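> Contents are TSV, C-alpha atoms; file name structure_5.tsv:
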chain	number	residue	atom	x	y	z
X	266	MET	CA	9.46	-20.51	-15.54
X	267	LEU	CA	9.67	-19.23	-11.96
X	268	GLY	CA	5.90	-19.55	-11.52
X	269	ARG	CA	5.93	-23.11	-12.78
X	270	SER	CA	8.80	-23.96	-10.45
X	271	VAL	CA	6.58	-23.14	-7.45
X	272	GLY	CA	3.55	-24.95	-8.80
X	273	LEU	CA	1.57	-22.18	-10.48
X	274	LYS	CA	-0.60	-23.26	-13.38
X	275	ASP	CA	-0.45	-21.46	-16.72
X	276	GLU	CA	-3.97	-20.12	-16.10
X	277	GLU	CA	-2.91	-18.63	-12.76
X	278	MET	CA	0.11	-16.92	-14.29
X	279	ALA	CA	-1.99	-15.49	-17.12
X	280	ALA	CA	-4.58	-14.23	-14.64
X	281	MET	CA	-2.09	-12.27	-12.55
X	282	ALA	CA	-2.62	-9.18	-14.69
X	283	ASP	CA	-6.17	-9.06	-13.30
X	284	TRP	CA	-5.48	-10.52	-9.85
X	285	ASP	CA	-7.95	-8.21	-8.15
X	286	THR	CA	-10.95	-9.40	-10.17
X	287	VAL	CA	-10.22	-13.01	-11.10
X	288	PRO	CA	-12.18	-15.49	-8.95
X	289	MET	CA	-9.41	-18.13	-8.95
X	290	PHE	CA	-7.45	-16.12	-6.36
X	291	ASP	CA	-8.50	-16.26	-2.72
X	292	ASP	CA	-8.10	-13.48	-0.14
X	293	THR	CA	-4.56	-14.54	0.77
X	294	ASP	CA	-3.53	-14.69	-2.89
X	295	ARG	CA	-4.95	-11.22	-3.46
X	296	LEU	CA	-3.16	-9.84	-0.42
X	297	VAL	CA	0.17	-11.25	-1.60
X	298	LEU	CA	-0.34	-10.00	-5.16
X	299	ARG	CA	-1.41	-6.56	-3.92
X	300	TYR	CA	1.68	-6.41	-1.69
X	301	ALA	CA	3.96	-7.45	-4.57
X	302	GLU	CA	2.48	-4.79	-6.84
X	303	VAL	CA	2.65	-2.03	-4.25
X	304	LEU	CA	6.21	-2.85	-3.22
X	305	THR	CA	7.35	-3.12	-6.84
X	306	ARG	CA	5.71	0.12	-7.97
X	307	GLU	CA	6.10	2.28	-4.88
X	308	ASN	CA	9.11	0.78	-3.06
X	309	ARG	CA	7.23	1.21	0.22
X	310	VAL	CA	4.30	-0.29	2.04
X	311	ASN	CA	1.84	1.84	3.99
X	312	ASP	CA	0.79	1.03	7.55
X	313	ALA	CA	-2.62	-0.34	6.59
X	314	LEU	CA	-1.20	-2.86	4.12
X	315	TYR	CA	1.53	-3.86	6.57
X	316	ALA	CA	-1.10	-4.43	9.26
X	317	GLU	CA	-3.02	-6.75	6.90
X	318	LEU	CA	0.15	-8.69	6.11
X	319	GLU	CA	1.15	-8.88	9.77
X	320	ALA	CA	-2.29	-10.20	10.70
X	321	ARG	CA	-2.14	-12.90	8.02
X	322	PHE	CA	1.50	-14.08	8.17
X	323	PRO	CA	3.98	-14.90	10.93
X	324	ARG	CA	7.08	-12.66	10.88
X	325	GLU	CA	9.24	-15.38	9.26
X	326	GLU	CA	6.79	-15.86	6.37
X	327	LEU	CA	6.44	-12.11	5.92
X	328	MET	CA	10.23	-11.81	5.70
X	329	GLU	CA	10.32	-14.62	3.12
X	330	LEU	CA	7.58	-12.91	1.11
X	331	CYS	CA	9.44	-9.60	1.21
X	332	MET	CA	12.70	-11.21	0.08
X	333	THR	CA	10.95	-13.11	-2.72
X	334	VAL	CA	9.31	-9.96	-4.11
X	335	ALA	CA	12.54	-8.01	-3.74
X	336	LEU	CA	14.62	-10.68	-5.48
X	337	ALA	CA	12.16	-10.91	-8.36
X	338	ALA	CA	12.28	-7.13	-8.75
X	339	LEU	CA	16.08	-7.17	-8.71
X	340	VAL	CA	16.28	-9.88	-11.36
X	341	ASN	CA	13.72	-8.11	-13.54
X	342	ARG	CA	15.59	-4.80	-13.30
X	343	VAL	CA	18.89	-6.44	-14.27
X	344	HIS	CA	17.28	-8.13	-17.27
X	345	ALA	CA	15.55	-4.89	-18.28
X	346	THR	CA	18.77	-2.90	-17.99
X	347	PHE	CA	20.82	-5.28	-20.09
X	348	ARG	CA	17.95	-6.37	-22.35
X	349	THR	CA	18.84	-9.96	-21.68
X	350	ASP	CA	17.91	-12.46	-24.38
X	351	LEU	CA	16.33	-15.75	-23.36
X	352	ASP	CA	18.64	-18.72	-23.57
X	353	ASP	CA	17.44	-21.79	-25.47
X	354	SER	CA	16.63	-23.73	-22.29
X	355	THR	CA	14.45	-20.94	-20.89
X	356	ARG	CA	12.78	-20.33	-24.25
X	357	ALA	CA	11.92	-24.03	-24.48
X	358	GLN	CA	10.33	-23.94	-21.01
X	359	VAL	CA	8.32	-20.73	-21.38
X	360	ALA	CA	7.49	-20.65	-25.06
X	361	ASP	CA	4.01	-22.03	-24.45
X	362	ALA	CA	3.34	-20.00	-21.29
X	363	PRO	CA	0.50	-17.52	-21.60
X	364	PHE	CA	1.39	-13.86	-21.77
X	365	CYS	CA	0.74	-11.84	-18.64
X	366	SER	CA	0.42	-8.19	-19.50
X	367	ILE	CA	1.77	-5.78	-16.94
X	368	ASP	CA	0.44	-2.28	-16.49
X	369	ARG	CA	3.36	-0.18	-17.64
X	370	SER	CA	1.85	3.19	-16.83
X	371	PRO	CA	4.42	5.45	-15.22
X	372	ILE	CA	4.26	5.76	-11.46
X	373	THR	CA	3.57	9.46	-11.88
X	374	GLY	CA	0.48	8.55	-13.94
X	375	ARG	CA	-2.77	7.06	-12.63
X	376	SER	CA	-1.80	3.63	-11.44
X	377	ARG	CA	-3.91	1.09	-9.55
X	378	VAL	CA	-2.59	2.69	-6.37
X	379	ASP	CA	-3.97	6.07	-7.38
X	380	THR	CA	-7.38	4.64	-8.25
X	381	GLY	CA	-7.70	2.88	-4.92
X	382	LYS	CA	-7.49	-0.64	-6.36
X	383	ILE	CA	-4.34	-1.42	-4.38
X	384	GLY	CA	-2.52	0.00	-1.43
X	385	GLY	CA	-4.52	1.23	1.43
What is this structure when it is put down as structure tokens?

Amino acid sequence: MLGRSVGLKDEEMAAMADWDTVPMFDDTDRLVLRYAEVLTRENRVNDALYAELEARFPREELMELCMTVALAALVNRVHATFRTDLDDSTRAQVADAPFCSIDRSPITGRSRVDTGKIGG
């Protein structure tokens, strides 16, 4: 529902699980998705990734990106904690949305960060 509200197509949302290999995402998309994954998994951004973000985005846009990722993480953690059920309105809007699998390997395990696919 959130993705649709900002104009993402169902195909783009479904492809986010493989953002680093799917050709539909350009370099900026990949940078944003890498940043979101790193910040969500590690709660920190290394200097190399920050330098890439700073080179690509003005400070105001970088702040907006940070707040958007942080807010999404907050909302997801609240829903996960309380195992929130979908209301009928949300279910009606997302029922046909493709499933986007998320790597649920523990941070202490071998994540994309450990394998060099994200981070820096």
> Measuring between all atoms listed in the file, which one of X:Tyr315, X:Thr286, X:Thr346, X:Arg269 shows the shortest distance to Val303 of chain X?
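The shortest atom-to-atom distance to Val303 of chain X comes from X:Tyr315.
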> Could you give me, as a PyMOL selection string, the residues within 10 Å of Leu339 of chain X, counting all atoms listed in the file and dropping anything in the same chain fewer than 6 positions from it?
chain X and resi 305+333+345
> What's the 12 Å shell around Cys331 of chain X, counting only C-alpha atoms, without same-chain residues fewer than 5 positions away, as a ChimeraX atom specification?
/X:297-298,300-305,308-310,315,318-319,322,324-326,336-338
> At what distance in Å, to one decimal, does atom CA of Asn311 of chain X lie from atom CA of Val271 of chain X?
27.9 Å
> Any idea what the distance is between atom CA of Glu307 of chain X and atom CA of Thr349 of chain X?
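Those two atoms sit 24.4 Å apart.
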> Quick one: of X:Lys274, X:Val334, X:Arg321, X:Gly268, who's nearest to Asp292 of chain X, counting only C-alpha atoms?
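Counting only C-alpha atoms, the residue closest to Asp292 of chain X is X:Arg321.
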